[in-house]
Every structure is written in structure tokens, then in C-alpha cells.
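For reference, the structure discussed in these notes is given below.
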Amino acid sequence: MPSGRLSRFSQFGRLAGSVAGGMIAEGARRLADGERPQLRDMLLTPANFGKIADRLSHLRGAAMKLGQMISMDAGDLLPAELSQIMGRLRDNAHHMPPAQLQQVLAREWGPDWRTRFERFELRPIAAASIGQVHRAVTRDGRELAIKVQYPGVRESIDADVDNVATLLLMSGAIPRAIDIAPLLAEAKLQLVEEADYEREGEQMSLFGRLLADTPEVVVPTLDPELTTSRVLAMTFLEGRPIESLETAPQADRDKAMQTLMTLVLRELFEFGVMQTDPNFANYRIQPLTGRLVLLDFGAARAVDPATAQGYRRLLHTGMAGDRAAVRQAALAAGFLGPKAVARHGARLDQMIDVIIGELNRPGLFDFGDRRFVGALRDPGMEIAADTAAWHVPPADILFVQRKISGTALLAARLKARVDVRKIVEPWLAGGEDTAAAL
């Protein structure tokens with residue numbers, strides 16, 4: 001895997017050229033049909049998204065990770081066909097050939113590493129953006145999952161983030177007047193942390209302790225003897241993909257999502273630390289016990305108390321049905337910028353009213369009913385089209401919101417029904433004082 005910025009930029013250049021060619025072809029087709037092609041319509045085609053997904057899957061590393069983030073964050077903003085194509089980035093990655101795997105493990109564990117195992121399966125059971133996972137049994141009979149980092153991942157982080165930012169700026173997707181330098185620095189920092197498997201092992205052990213009293217979930221146990229900065233060893237936990245619940249009884253789907261949503265609230269308001277990567281592959285379900293298996297703690301990070309308080313204010317004012325207080329809380333937390341409120345106050349109020357209405361719907365909230373999404377998408381796209389009103393929220397909020405949005409997308413995928421008010425209300429203690437302070 002190429003690690004230098006120039007070598008990886010050439011890969012991005014090939015991608016950009018291929019996508020540009022696709023845009024020209026799509027524009028010509030629309031002109032021939034008597035249409036006036038719009039830039040967005042020429043870019044957002046299945047062919048272009050397929051090229052992006054395939055190229056990022058080949059690049060792996062931070063490039064693929066960034067693509068996963070974008071595909072998750074887009075959520076309901078993308079048409080269903082394009083969402084499915086970008087979903088490849090959450091499911092597929094090219095794994096290392098056996099010879100390369102042998103080299104990596106020999107470097108991390110020594111040339112005689114095979115003597116530690118009764119069995120080590122060279123074919124990975126999972127392959128993701130930063131590493132691949134192998135099943136193994138030690139000489140003393142312990143069954144382990146071994147995550148091995150792709151070579152060159154750490155060395156390519158800065159290059160990938162800078163290259164993605166360059167392409168976004170060159171394409172006009174981000175106005176040059178927007179200062180994204182702090183966000184880029186934060187993205188690089190988190191990706192560096194995710195590439196440190198010793199740190200991930202510590203975070204995994206922390207969550208194991210925090211959730212020791214929660215029988216609905218289970219966290220793998222770290223094997224420190226076999227863990228290095230580029231190899232993570234943990235107990236192997238049997239489980240099926242969380243998406244397999246799509247065909248499960250409604251009660252099972254509802255229970256799983258209530259557990260995950262309660263976990264998000266505990267991370268935000270109780271633990272003060274959150275696993276911020278909502279990739280569906282990070283959750284599995286044990287068929288016999290029904291317990292949720294939590295995986296991949298590389299993106300775990302501390303939550304700023306001010307961020308948690310900002311969310312508490314938003315939830316309290318939203319559940320109180322106070323539109324003006326919601327708008328003010330969103331401004332104070334950094335969700336909204338003053339220019340957006342000044343230029344698009346009516347549209348924002350329209351969106352707030354939709355959210356308040358959904359949040360205060362009595363009884364179970366049906367995440368499979370997506371009719372309200374259009375009411376948010378249309379004014380949201382109009383606001384987003386006004387680049388003068390663009391605002392970059394604090395990085396801490398972006399990471400937390402990514403986890404919240406990803407959890408909601410999973411609930412929509414499973415068509416779960418959850419009493420949102422019931423699980424939120426216990427965390428709003430002191431909310432009235434907070435709202436009054438606004």
C-alpha cells in the first residue's frame with residue numbers, strides 16, 4: 001500500500017479523472033435528452049459512486065475510513081441506490097495476501113510466532129479500512145480474534161486527509177472561505193489514535209469495566225501479551241451481523257436498538273467517553289443469548305462536559321416544545337452559526353418544528369417511518385446551497401453527532417420502534433435550570 005502523499009495522490013488523481021469523465025458523459029446524455037444538467041446531478045450518479053467506493057476500498061487506510069465517514073454521515077441525504085453503493089465501504093476491503101501477513105506478524109511477534117498457536121487461520125474473517133481480523137487458538141486453548149493492521153496505514157494518514165481536503169476544495173464542495181484546518185487536524189489526530197492498537201486495547205478494557213453491570217452487552221477481553229501497537233489480540237466472541245436482525249421479530253429489533261440508544265446516552269451523560277464510530281460492523285448479535293457484541297474501540301474519545309451539557313439543553317428544550325429555546329441552544333452549542341440563523345431563520349424554524357413534533361410524538365417512535373425526512377431534507381439542502389451561511393461545528397460535536405446519527409440510521413435499517421422520550425427523560429435532571437440559564 002503506497003504511503004507517501006504523492007504516490008497516494010496519484011491514486012486520488014486517477015479517481016478524480018474517472019469521476020470527471022463520468023460527469024461529462026452524464027452531462028452529454030442529459031443535454032441530448034433536452035435537459036439542462038446540474039452539477040450535482042452529474043456528480044451523484046451510480047457509476048461515479050461505484051468508482052469512488054471501489055477506489056477507496058483498494059486504497060484502504062485513512063482514505064477508506066474517510067469514505068466510510070462520509071457515507072455514514074450522508075445518511076438519508078443520498079438516494080437509496082447511491083447509499084447502497086457507498087455501503088460497500090462499510091462492508092468490503094481488500095485483505096493482505098498471506099505472504100504480506102506473514103511479514104507483518106513476524107515483525108510484530110518475531111519469526112517464530114507460529115509456535116504460540118495451535119491454529120491460526122490465514123484467511124481473515126473480516127477486513128476493514130485499517131486492518132483485518134483473523135481467528136486463532138493459542139497453545140493453551142484460548143480462542144482469540146487477532147486484528148492485524150495493514151502496512152503503511154499510519155504513514156498514509158496525513159497524506160489521505162490532505163488529499164481528500166484538496167479534492168473537496170478543488171471540486172467546490174467546500175468553499176475556500178471556510179477554515180477547515182482545525183477539523184483536518186482533529187481528523188488526523190483521531191485516525192492516528194485509531195491506528196494505535198495498544199490504545200484501542202486500553203479503551204476496550206475501559207468499556208468492559210464500564211459495562212460490566214450491563215448484561216445486555218458484551219465486550220471482548222484484551223490479551224495484552226499478544227497485543228502490540230499494530231496487532232490487537234482479544235477474546236473471540238461468536239456473533240452474527242447486527243443487520244441480520246432485519247428479519248427478526250419486531251420485539252428483538254426494538255430491544256437491540258433500545259439497548260444501543262441507552263448506551264449512547266450513558267456514553268454522553270454518564271461515562272464521559274464515547275465510541276464515536278457507528279459503523280454497523282462494530283455491532284454483532286449473539287444468536288443464543290441475544291446479547292449485543294461491541295467491537296472496535298479505536299474511535300473512543302473523551303466527551304467534553306460542555307458538549308454533553310449542550311446536548312442536554314437541546315433535548316430538554318426540544319421535549320419542552322420551545323422552538324426559540326431550541327434555536328438558542330443550538331447556537332450556544334455550536335450546532336448552528338449566526339449567519340445561518342440570520343439568513344435562513346424561517347427555514348431553520350421549519351426544521352425545528354418538524355424535529356420537535358417527532359420528538360414529542362407519544363408512545364413508540366417508529367424509525368422505519370421516514371416520511372419526516374423529506375420535510376428536513378428540502379429546507380436543509382436549500383440552506384446548504386448558501387455557502388455564505390456555512391458553519392463548521394466544533395470537532396467534538398461532529399464526532400458525537402456522527403455516533404448519534406449512525407445509531408438512528410441503524411434503527412431505521414432495522415425498522416425499530418423505541419420509546420425515545422422514556423429513555424431520554426432520566427438524563428435530563430437539572431434541565432429546567434439549564435434552560436432557564438439560557
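Chains: A, B, ... in order of the C-alpha cells. Residues: from 1 per chain. Ligands: from 1, in order shown.
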What residues in region 226-398 of chain A get the DSSP label helix (DSSP H, G or I)? Please answer as a JSON list (two decimals) with N, CA and C atoms, in the first residue's frame.
[["chain", "number", "residue", "atom", "x", "y", "z"],
["A", 242, "ILE", "N", -25.25, -7.34, 12.92],
["A", 242, "ILE", "CA", -26.42, -6.69, 13.51],
["A", 242, "ILE", "C", -27.53, -6.57, 12.47],
["A", 243, "GLU", "N", -27.16, -6.45, 11.18],
["A", 243, "GLU", "CA", -28.19, -6.32, 10.14],
["A", 243, "GLU", "C", -29.03, -7.58, 10.00],
["A", 244, "SER", "N", -28.54, -8.72, 10.53],
["A", 244, "SER", "CA", -29.34, -9.95, 10.44],
["A", 244, "SER", "C", -30.64, -9.84, 11.22],
["A", 245, "LEU", "N", -30.73, -8.84, 12.09],
["A", 245, "LEU", "CA", -31.97, -8.62, 12.84],
["A", 245, "LEU", "C", -33.10, -8.08, 11.96],
["A", 246, "GLU", "N", -32.78, -7.69, 10.74],
["A", 246, "GLU", "CA", -33.82, -7.15, 9.85],
["A", 246, "GLU", "C", -34.98, -8.13, 9.68],
["A", 247, "THR", "N", -34.68, -9.43, 9.74],
["A", 247, "THR", "CA", -35.73, -10.43, 9.57],
["A", 247, "THR", "C", -36.19, -11.01, 10.91],
["A", 250, "GLN", "N", -40.24, -8.19, 15.61],
["A", 250, "GLN", "CA", -40.19, -6.77, 15.96],
["A", 250, "GLN", "C", -39.64, -6.55, 17.35],
["A", 251, "ALA", "N", -40.02, -7.39, 18.30],
["A", 251, "ALA", "CA", -39.58, -7.22, 19.68],
["A", 251, "ALA", "C", -38.07, -7.32, 19.81],
["A", 252, "ASP", "N", -37.45, -8.22, 19.03],
["A", 252, "ASP", "CA", -35.99, -8.37, 19.08],
["A", 252, "ASP", "C", -35.30, -7.14, 18.52],
["A", 253, "ARG", "N", -35.83, -6.61, 17.44],
["A", 253, "ARG", "CA", -35.24, -5.40, 16.85],
["A", 253, "ARG", "C", -35.37, -4.21, 17.79],
["A", 254, "ASP", "N", -36.55, -4.09, 18.39],
["A", 254, "ASP", "CA", -36.78, -2.98, 19.32],
["A", 254, "ASP", "C", -35.85, -3.08, 20.53],
["A", 255, "LYS", "N", -35.68, -4.27, 21.04],
["A", 255, "LYS", "CA", -34.83, -4.46, 22.22],
["A", 255, "LYS", "C", -33.38, -4.09, 21.92],
["A", 256, "ALA", "N", -32.87, -4.53, 20.77],
["A", 256, "ALA", "CA", -31.48, -4.24, 20.40],
["A", 256, "ALA", "C", -31.25, -2.74, 20.29],
["A", 257, "MET", "N", -32.17, -2.03, 19.63],
["A", 257, "MET", "CA", -31.97, -0.60, 19.44],
["A", 257, "MET", "C", -32.19, 0.17, 20.74],
["A", 258, "GLN", "N", -33.08, -0.28, 21.59],
["A", 258, "GLN", "CA", -33.23, 0.39, 22.89],
["A", 258, "GLN", "C", -31.94, 0.27, 23.69],
["A", 259, "THR", "N", -31.31, -0.91, 23.61],
["A", 259, "THR", "CA", -30.03, -1.11, 24.30],
["A", 259, "THR", "C", -28.96, -0.18, 23.76],
["A", 260, "LEU", "N", -28.86, -0.08, 22.41],
["A", 260, "LEU", "CA", -27.83, 0.75, 21.81],
["A", 260, "LEU", "C", -28.08, 2.24, 22.08],
["A", 261, "MET", "N", -29.33, 2.67, 22.03],
["A", 261, "MET", "CA", -29.63, 4.07, 22.29],
["A", 261, "MET", "C", -29.38, 4.43, 23.75],
["A", 262, "THR", "N", -29.71, 3.53, 24.65],
["A", 262, "THR", "CA", -29.40, 3.77, 26.06],
["A", 262, "THR", "C", -27.90, 3.85, 26.27],
["A", 263, "LEU", "N", -27.15, 3.02, 25.54],
["A", 263, "LEU", "CA", -25.69, 3.05, 25.63],
["A", 263, "LEU", "C", -25.15, 4.40, 25.18],
["A", 264, "VAL", "N", -25.68, 4.94, 24.07],
["A", 264, "VAL", "CA", -25.23, 6.25, 23.59],
["A", 264, "VAL", "C", -25.46, 7.32, 24.65],
["A", 265, "LEU", "N", -26.61, 7.28, 25.30],
["A", 265, "LEU", "CA", -26.91, 8.26, 26.36],
["A", 265, "LEU", "C", -25.98, 8.09, 27.55],
["A", 266, "ARG", "N", -25.66, 6.85, 27.90],
["A", 266, "ARG", "CA", -24.73, 6.63, 29.02],
["A", 266, "ARG", "C", -23.33, 7.12, 28.66],
["A", 267, "GLU", "N", -22.91, 6.88, 27.42],
["A", 267, "GLU", "CA", -21.60, 7.37, 26.99],
["A", 267, "GLU", "C", -21.54, 8.89, 27.09],
["A", 268, "LEU", "N", -22.60, 9.54, 26.66],
["A", 268, "LEU", "CA", -22.63, 11.00, 26.60],
["A", 268, "LEU", "C", -22.76, 11.63, 27.98],
["A", 269, "PHE", "N", -23.66, 11.11, 28.80],
["A", 269, "PHE", "CA", -24.01, 11.78, 30.05],
["A", 269, "PHE", "C", -23.45, 11.13, 31.31],
["A", 270, "GLU", "N", -23.05, 9.86, 31.22],
["A", 270, "GLU", "CA", -22.56, 9.15, 32.41],
["A", 270, "GLU", "C", -21.07, 8.83, 32.33],
["A", 271, "PHE", "N", -20.66, 8.18, 31.25],
["A", 271, "PHE", "CA", -19.27, 7.74, 31.14],
["A", 271, "PHE", "C", -18.32, 8.88, 30.84],
["A", 280, "PHE", "N", -21.89, -0.17, 11.19],
["A", 280, "PHE", "CA", -22.71, -1.31, 11.58],
["A", 280, "PHE", "C", -21.88, -2.55, 11.91],
["A", 281, "ALA", "N", -20.71, -2.68, 11.28],
["A", 281, "ALA", "CA", -19.86, -3.85, 11.51],
["A", 281, "ALA", "C", -19.31, -3.89, 12.94],
["A", 282, "ASN", "N", -19.44, -2.80, 13.68],
["A", 282, "ASN", "CA", -18.95, -2.76, 15.06],
["A", 282, "ASN", "C", -19.93, -3.36, 16.05],
["A", 305, "PRO", "N", -17.33, 17.96, 28.72],
["A", 305, "PRO", "CA", -18.54, 18.20, 29.52],
["A", 305, "PRO", "C", -19.43, 19.28, 28.92],
["A", 306, "ALA", "N", -18.83, 20.28, 28.27],
["A", 306, "ALA", "CA", -19.64, 21.33, 27.64],
["A", 306, "ALA", "C", -20.47, 20.77, 26.49],
["A", 307, "THR", "N", -19.92, 19.79, 25.77],
["A", 307, "THR", "CA", -20.68, 19.15, 24.70],
["A", 307, "THR", "C", -21.86, 18.38, 25.25],
["A", 308, "ALA", "N", -21.62, 17.62, 26.32],
["A", 308, "ALA", "CA", -22.71, 16.88, 26.95],
["A", 308, "ALA", "C", -23.80, 17.83, 27.44],
["A", 309, "GLN", "N", -23.38, 18.96, 28.04],
["A", 309, "GLN", "CA", -24.36, 19.92, 28.53],
["A", 309, "GLN", "C", -25.15, 20.54, 27.37],
["A", 310, "GLY", "N", -24.47, 20.76, 26.24],
["A", 310, "GLY", "CA", -25.16, 21.30, 25.08],
["A", 310, "GLY", "C", -26.25, 20.37, 24.58],
["A", 311, "TYR", "N", -25.95, 19.07, 24.55],
["A", 311, "TYR", "CA", -26.96, 18.10, 24.15],
["A", 311, "TYR", "C", -28.10, 18.03, 25.16],
["A", 312, "ARG", "N", -27.77, 18.14, 26.44],
["A", 312, "ARG", "CA", -28.82, 18.11, 27.45],
["A", 312, "ARG", "C", -29.78, 19.30, 27.27],
["A", 313, "ARG", "N", -29.21, 20.46, 26.98],
["A", 313, "ARG", "CA", -30.06, 21.64, 26.74],
["A", 313, "ARG", "C", -30.95, 21.43, 25.52],
["A", 314, "LEU", "N", -30.37, 20.91, 24.44],
["A", 314, "LEU", "CA", -31.15, 20.69, 23.23],
["A", 314, "LEU", "C", -32.29, 19.71, 23.47],
["A", 315, "LEU", "N", -32.00, 18.62, 24.16],
["A", 315, "LEU", "CA", -33.03, 17.62, 24.43],
["A", 315, "LEU", "C", -34.12, 18.19, 25.32],
["A", 316, "HIS", "N", -33.72, 18.93, 26.36],
["A", 316, "HIS", "CA", -34.70, 19.48, 27.29],
["A", 316, "HIS", "C", -35.60, 20.49, 26.59],
["A", 317, "THR", "N", -35.03, 21.42, 25.84],
["A", 317, "THR", "CA", -35.84, 22.43, 25.17],
["A", 317, "THR", "C", -36.69, 21.82, 24.07],
["A", 318, "GLY", "N", -36.15, 20.80, 23.38],
["A", 318, "GLY", "CA", -36.93, 20.13, 22.35],
["A", 318, "GLY", "C", -38.12, 19.40, 22.91],
["A", 319, "MET", "N", -37.91, 18.68, 24.02],
["A", 319, "MET", "CA", -39.01, 17.94, 24.63],
["A", 319, "MET", "C", -40.00, 18.89, 25.29],
["A", 323, "ARG", "N", -39.51, 26.23, 20.55],
["A", 323, "ARG", "CA", -38.72, 26.42, 19.34],
["A", 323, "ARG", "C", -37.60, 27.44, 19.54],
["A", 324, "ALA", "N", -37.92, 28.58, 20.13],
["A", 324, "ALA", "CA", -36.91, 29.63, 20.31],
["A", 324, "ALA", "C", -35.77, 29.16, 21.19],
["A", 325, "ALA", "N", -36.11, 28.39, 22.24],
["A", 325, "ALA", "CA", -35.07, 27.88, 23.14],
["A", 325, "ALA", "C", -34.20, 26.84, 22.44],
["A", 326, "VAL", "N", -34.79, 26.03, 21.57],
["A", 326, "VAL", "CA", -34.02, 25.06, 20.80],
["A", 326, "VAL", "C", -33.03, 25.78, 19.89],
["A", 327, "ARG", "N", -33.52, 26.83, 19.20],
["A", 327, "ARG", "CA", -32.63, 27.58, 18.31],
["A", 327, "ARG", "C", -31.48, 28.19, 19.09],
["A", 328, "GLN", "N", -31.77, 28.76, 20.26],
["A", 328, "GLN", "CA", -30.74, 29.38, 21.06],
["A", 328, "GLN", "C", -29.76, 28.34, 21.60],
["A", 329, "ALA", "N", -30.27, 27.19, 22.00],
["A", 329, "ALA", "CA", -29.40, 26.12, 22.50],
["A", 329, "ALA", "C", -28.48, 25.61, 21.38],
["A", 330, "ALA", "N", -29.02, 25.51, 20.16],
["A", 330, "ALA", "CA", -28.21, 25.06, 19.04],
["A", 330, "ALA", "C", -27.11, 26.06, 18.70],
["A", 331, "LEU", "N", -27.42, 27.35, 18.83],
["A", 331, "LEU", "CA", -26.41, 28.39, 18.62],
["A", 331, "LEU", "C", -25.34, 28.33, 19.70],
["A", 332, "ALA", "N", -25.77, 28.22, 20.95],
["A", 332, "ALA", "CA", -24.83, 28.20, 22.06],
["A", 332, "ALA", "C", -23.89, 27.01, 22.00],
["A", 333, "ALA", "N", -24.41, 25.86, 21.56],
["A", 333, "ALA", "CA", -23.57, 24.65, 21.49],
["A", 333, "ALA", "C", -22.65, 24.65, 20.28],
["A", 338, "PRO", "N", -24.32, 31.89, 13.48],
["A", 338, "PRO", "CA", -25.18, 33.09, 13.45],
["A", 338, "PRO", "C", -25.64, 33.46, 12.05],
["A", 339, "LYS", "N", -24.78, 33.27, 11.04],
["A", 339, "LYS", "CA", -25.17, 33.64, 9.68],
["A", 339, "LYS", "C", -26.33, 32.78, 9.17],
["A", 340, "ALA", "N", -26.30, 31.49, 9.50],
["A", 340, "ALA", "CA", -27.40, 30.61, 9.07],
["A", 340, "ALA", "C", -28.72, 31.05, 9.67],
["A", 341, "VAL", "N", -28.68, 31.43, 10.95],
["A", 341, "VAL", "CA", -29.90, 31.88, 11.62],
["A", 341, "VAL", "C", -30.38, 33.20, 11.01],
["A", 342, "ALA", "N", -29.44, 34.11, 10.75],
["A", 342, "ALA", "CA", -29.82, 35.41, 10.21],
["A", 342, "ALA", "C", -30.37, 35.30, 8.78],
["A", 343, "ARG", "N", -29.77, 34.41, 7.97],
["A", 343, "ARG", "CA", -30.15, 34.33, 6.56],
["A", 343, "ARG", "C", -31.29, 33.34, 6.30],
["A", 344, "HIS", "N", -31.45, 32.36, 7.20],
["A", 344, "HIS", "CA", -32.43, 31.30, 6.93],
["A", 344, "HIS", "C", -33.25, 30.98, 8.17],
["A", 345, "GLY", "N", -33.59, 31.99, 8.93],
["A", 345, "GLY", "CA", -34.32, 31.77, 10.18],
["A", 345, "GLY", "C", -35.63, 31.02, 9.98],
["A", 346, "ALA", "N", -36.38, 31.37, 8.94],
["A", 346, "ALA", "CA", -37.69, 30.74, 8.71],
["A", 346, "ALA", "C", -37.52, 29.25, 8.38],
["A", 347, "ARG", "N", -36.54, 28.93, 7.53],
["A", 347, "ARG", "CA", -36.32, 27.52, 7.17],
["A", 347, "ARG", "C", -35.84, 26.73, 8.39],
["A", 348, "LEU", "N", -34.95, 27.31, 9.18],
["A", 348, "LEU", "CA", -34.48, 26.63, 10.39],
["A", 348, "LEU", "C", -35.63, 26.38, 11.35],
["A", 349, "ASP", "N", -36.48, 27.37, 11.53],
["A", 349, "ASP", "CA", -37.63, 27.19, 12.41],
["A", 349, "ASP", "C", -38.55, 26.08, 11.88],
["A", 350, "GLN", "N", -38.68, 26.01, 10.56],
["A", 350, "GLN", "CA", -39.47, 24.94, 9.96],
["A", 350, "GLN", "C", -38.89, 23.57, 10.31],
["A", 351, "MET", "N", -37.56, 23.45, 10.23],
["A", 351, "MET", "CA", -36.91, 22.18, 10.56],
["A", 351, "MET", "C", -37.03, 21.88, 12.05],
["A", 352, "ILE", "N", -36.87, 22.90, 12.89],
["A", 352, "ILE", "CA", -37.00, 22.71, 14.33],
["A", 352, "ILE", "C", -38.41, 22.23, 14.69],
["A", 353, "ASP", "N", -39.40, 22.80, 14.03],
["A", 353, "ASP", "CA", -40.78, 22.38, 14.30],
["A", 353, "ASP", "C", -40.98, 20.91, 13.96],
["A", 354, "VAL", "N", -40.38, 20.47, 12.87],
["A", 354, "VAL", "CA", -40.50, 19.05, 12.49],
["A", 354, "VAL", "C", -39.86, 18.17, 13.55],
["A", 355, "ILE", "N", -38.66, 18.55, 13.99],
["A", 355, "ILE", "CA", -37.94, 17.75, 14.99],
["A", 355, "ILE", "C", -38.71, 17.72, 16.31],
["A", 356, "ILE", "N", -39.22, 18.87, 16.74],
["A", 356, "ILE", "CA", -39.99, 18.93, 17.98],
["A", 356, "ILE", "C", -41.22, 18.04, 17.88],
["A", 357, "GLY", "N", -41.88, 18.10, 16.73],
["A", 357, "GLY", "CA", -43.07, 17.28, 16.54],
["A", 357, "GLY", "C", -42.77, 15.80, 16.63],
["A", 358, "GLU", "N", -41.65, 15.37, 16.01],
["A", 358, "GLU", "CA", -41.28, 13.96, 16.05],
["A", 358, "GLU", "C", -40.83, 13.55, 17.45],
["A", 359, "LEU", "N", -40.06, 14.42, 18.10],
["A", 359, "LEU", "CA", -39.54, 14.10, 19.43],
["A", 359, "LEU", "C", -40.66, 13.96, 20.46],
["A", 371, "ARG", "N", -41.10, 9.38, 6.64],
["A", 371, "ARG", "CA", -41.79, 10.45, 5.94],
["A", 371, "ARG", "C", -41.32, 11.84, 6.36],
["A", 372, "PHE", "N", -40.89, 11.96, 7.62],
["A", 372, "PHE", "CA", -40.46, 13.27, 8.10],
["A", 372, "PHE", "C", -39.12, 13.70, 7.50],
["A", 373, "VAL", "N", -38.35, 12.73, 6.95],
["A", 373, "VAL", "CA", -37.01, 13.05, 6.45],
["A", 373, "VAL", "C", -37.08, 14.07, 5.31],
["A", 374, "GLY", "N", -38.06, 13.91, 4.43],
["A", 374, "GLY", "CA", -38.19, 14.85, 3.33],
["A", 374, "GLY", "C", -38.46, 16.27, 3.81],
["A", 375, "ALA", "N", -39.22, 16.38, 4.91],
["A", 375, "ALA", "CA", -39.51, 17.71, 5.45],
["A", 375, "ALA", "C", -38.26, 18.37, 6.01],
["A", 376, "LEU", "N", -37.26, 17.57, 6.36],
["A", 376, "LEU", "CA", -35.98, 18.11, 6.83],
["A", 376, "LEU", "C", -35.00, 18.30, 5.67],
["A", 377, "ARG", "N", -35.05, 17.36, 4.72],
["A", 377, "ARG", "CA", -34.07, 17.39, 3.63],
["A", 377, "ARG", "C", -34.22, 18.63, 2.76],
["A", 378, "ASP", "N", -35.45, 18.96, 2.39],
["A", 378, "ASP", "CA", -35.65, 20.05, 1.43],
["A", 378, "ASP", "C", -35.16, 21.40, 1.97],
["A", 379, "PRO", "N", -35.60, 21.86, 3.15],
["A", 379, "PRO", "CA", -35.05, 23.13, 3.65],
["A", 379, "PRO", "C", -33.57, 23.02, 4.00],
["A", 380, "GLY", "N", -33.15, 21.82, 4.42],
["A", 380, "GLY", "CA", -31.73, 21.63, 4.74],
["A", 380, "GLY", "C", -30.85, 21.80, 3.52],
["A", 381, "MET", "N", -31.28, 21.25, 2.37],
["A", 381, "MET", "CA", -30.50, 21.40, 1.15],
["A", 381, "MET", "C", -30.48, 22.84, 0.68],
["A", 382, "GLU", "N", -31.59, 23.56, 0.88],
["A", 382, "GLU", "CA", -31.62, 24.97, 0.49],
["A", 382, "GLU", "C", -30.64, 25.79, 1.33],
["A", 383, "ILE", "N", -30.58, 25.49, 2.62],
["A", 383, "ILE", "CA", -29.63, 26.19, 3.49],
["A", 383, "ILE", "C", -28.20, 25.83, 3.09],
["A", 384, "ALA", "N", -27.98, 24.53, 2.83],
["A", 384, "ALA", "CA", -26.63, 24.08, 2.48],
["A", 384, "ALA", "C", -26.15, 24.69, 1.17],
["A", 387, "THR", "N", -23.53, 28.94, 0.48],
["A", 387, "THR", "CA", -22.20, 28.75, 1.07],
["A", 387, "THR", "C", -21.82, 29.88, 2.03],
["A", 388, "ALA", "N", -22.44, 31.05, 1.87],
["A", 388, "ALA", "CA", -22.13, 32.16, 2.77],
["A", 388, "ALA", "C", -22.62, 31.90, 4.18],
["A", 389, "ALA", "N", -23.54, 30.94, 4.33],
["A", 389, "ALA", "CA", -24.09, 30.64, 5.64],
["A", 389, "ALA", "C", -23.46, 29.40, 6.26],
["A", 395, "ALA", "N", -15.29, 20.24, 16.60],
["A", 395, "ALA", "CA", -14.99, 18.85, 16.25],
["A", 395, "ALA", "C", -15.62, 17.87, 17.21],
["A", 396, "ASP", "N", -15.65, 18.20, 18.51],
["A", 396, "ASP", "CA", -16.21, 17.29, 19.50],
["A", 396, "ASP", "C", -17.67, 17.00, 19.19],
["A", 397, "ILE", "N", -18.41, 18.03, 18.79],
["A", 397, "ILE", "CA", -19.82, 17.85, 18.44],
["A", 397, "ILE", "C", -19.96, 17.00, 17.19],
["A", 398, "LEU", "N", -19.10, 17.20, 16.21],
["A", 398, "LEU", "CA", -19.19, 16.43, 14.99],
["A", 398, "LEU", "C", -18.99, 14.94, 15.25]]
Query raised in the report: Residues of region 87-332 of chain A in strand (DSSP E) according to DSSP, as a PyMOL selection string?
Result: chain A and resi 117-120+126-127+131-138+143-149+217-218+231-235+240-241+273-275+283-285+292-294+300-302
**Report entry** Contacts of Leu206 (chain A) within 12 Å, only C-alpha atoms, excl. fewer than 4 positions in-chain, as a ChimeraX atom specification
**Finding:** /A:199-202,210-212,219-222,267,271-275,297,300-302
Query raised in the report: Nearest to Gln203 (chain A): which of A:Leu191, A:Val400, A:Leu295, A:Leu122 is it, counting only C-alpha atoms?
Result: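 Distance minimum relative to Gln203 (chain A) lands on A:Leu295.
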**Report entry** Of the listed residues A:Thr166, A:Ala408, A:Val148, A:Ser129, that which approaches Leu101 (chain A) most closely, counting only C-alpha atoms
**Finding:**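 Among the listed residues, A:Val148 lies closest to Leu101 (chain A).
Near Ala99 (chain A), within a cut-off of 12 Å and counting only C-alpha atoms, sit the residues Leu105, Ala106, Leu122 and Arg123 of chain A, with same-chain residues fewer than 6 positions away left out.
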Those residues with N, CA, C and O atoms, as a compact mmCIF listing (two decimals), in the first residue's frame please?
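And here's again.txt as it stands now:
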# COMPACT_ATOMS: atom_id res chain seq x y z
N LEU A 105 3.33 -10.13 10.84
CA LEU A 105 3.31 -10.82 12.13
C LEU A 105 4.72 -11.18 12.59
O LEU A 105 5.01 -11.14 13.79
N ALA A 106 5.61 -11.49 11.67
CA ALA A 106 6.99 -11.77 12.05
C ALA A 106 7.65 -10.52 12.62
O ALA A 106 8.45 -10.60 13.56
N LEU A 122 -5.23 -18.19 8.28
CA LEU A 122 -4.62 -17.15 7.46
C LEU A 122 -5.67 -16.35 6.68
O LEU A 122 -5.44 -15.18 6.36
N ARG A 123 -6.79 -16.96 6.40
CA ARG A 123 -7.85 -16.22 5.71
C ARG A 123 -8.61 -15.38 6.74
O ARG A 123 -9.14 -15.91 7.72
Requested in this report: Counting only C-alpha atoms, figure out which residue out of A:His95, A:Leu144, A:Gly298, A:Gly290 gets nearest to Glu194 (chain A).
Outcome: A:Gly298
Query - Between CA of Glu225 (chain A) and CA of Gly239 (chain A) - distance in Å to one decimal - result: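 Pair CA of Gly239 (chain A) / CA of Glu225 (chain A) returns 24.6 Å.
For the pair CA of Phe117 (chain A) and CA of Arg139 (chain A), the separation is 5.0 Å.
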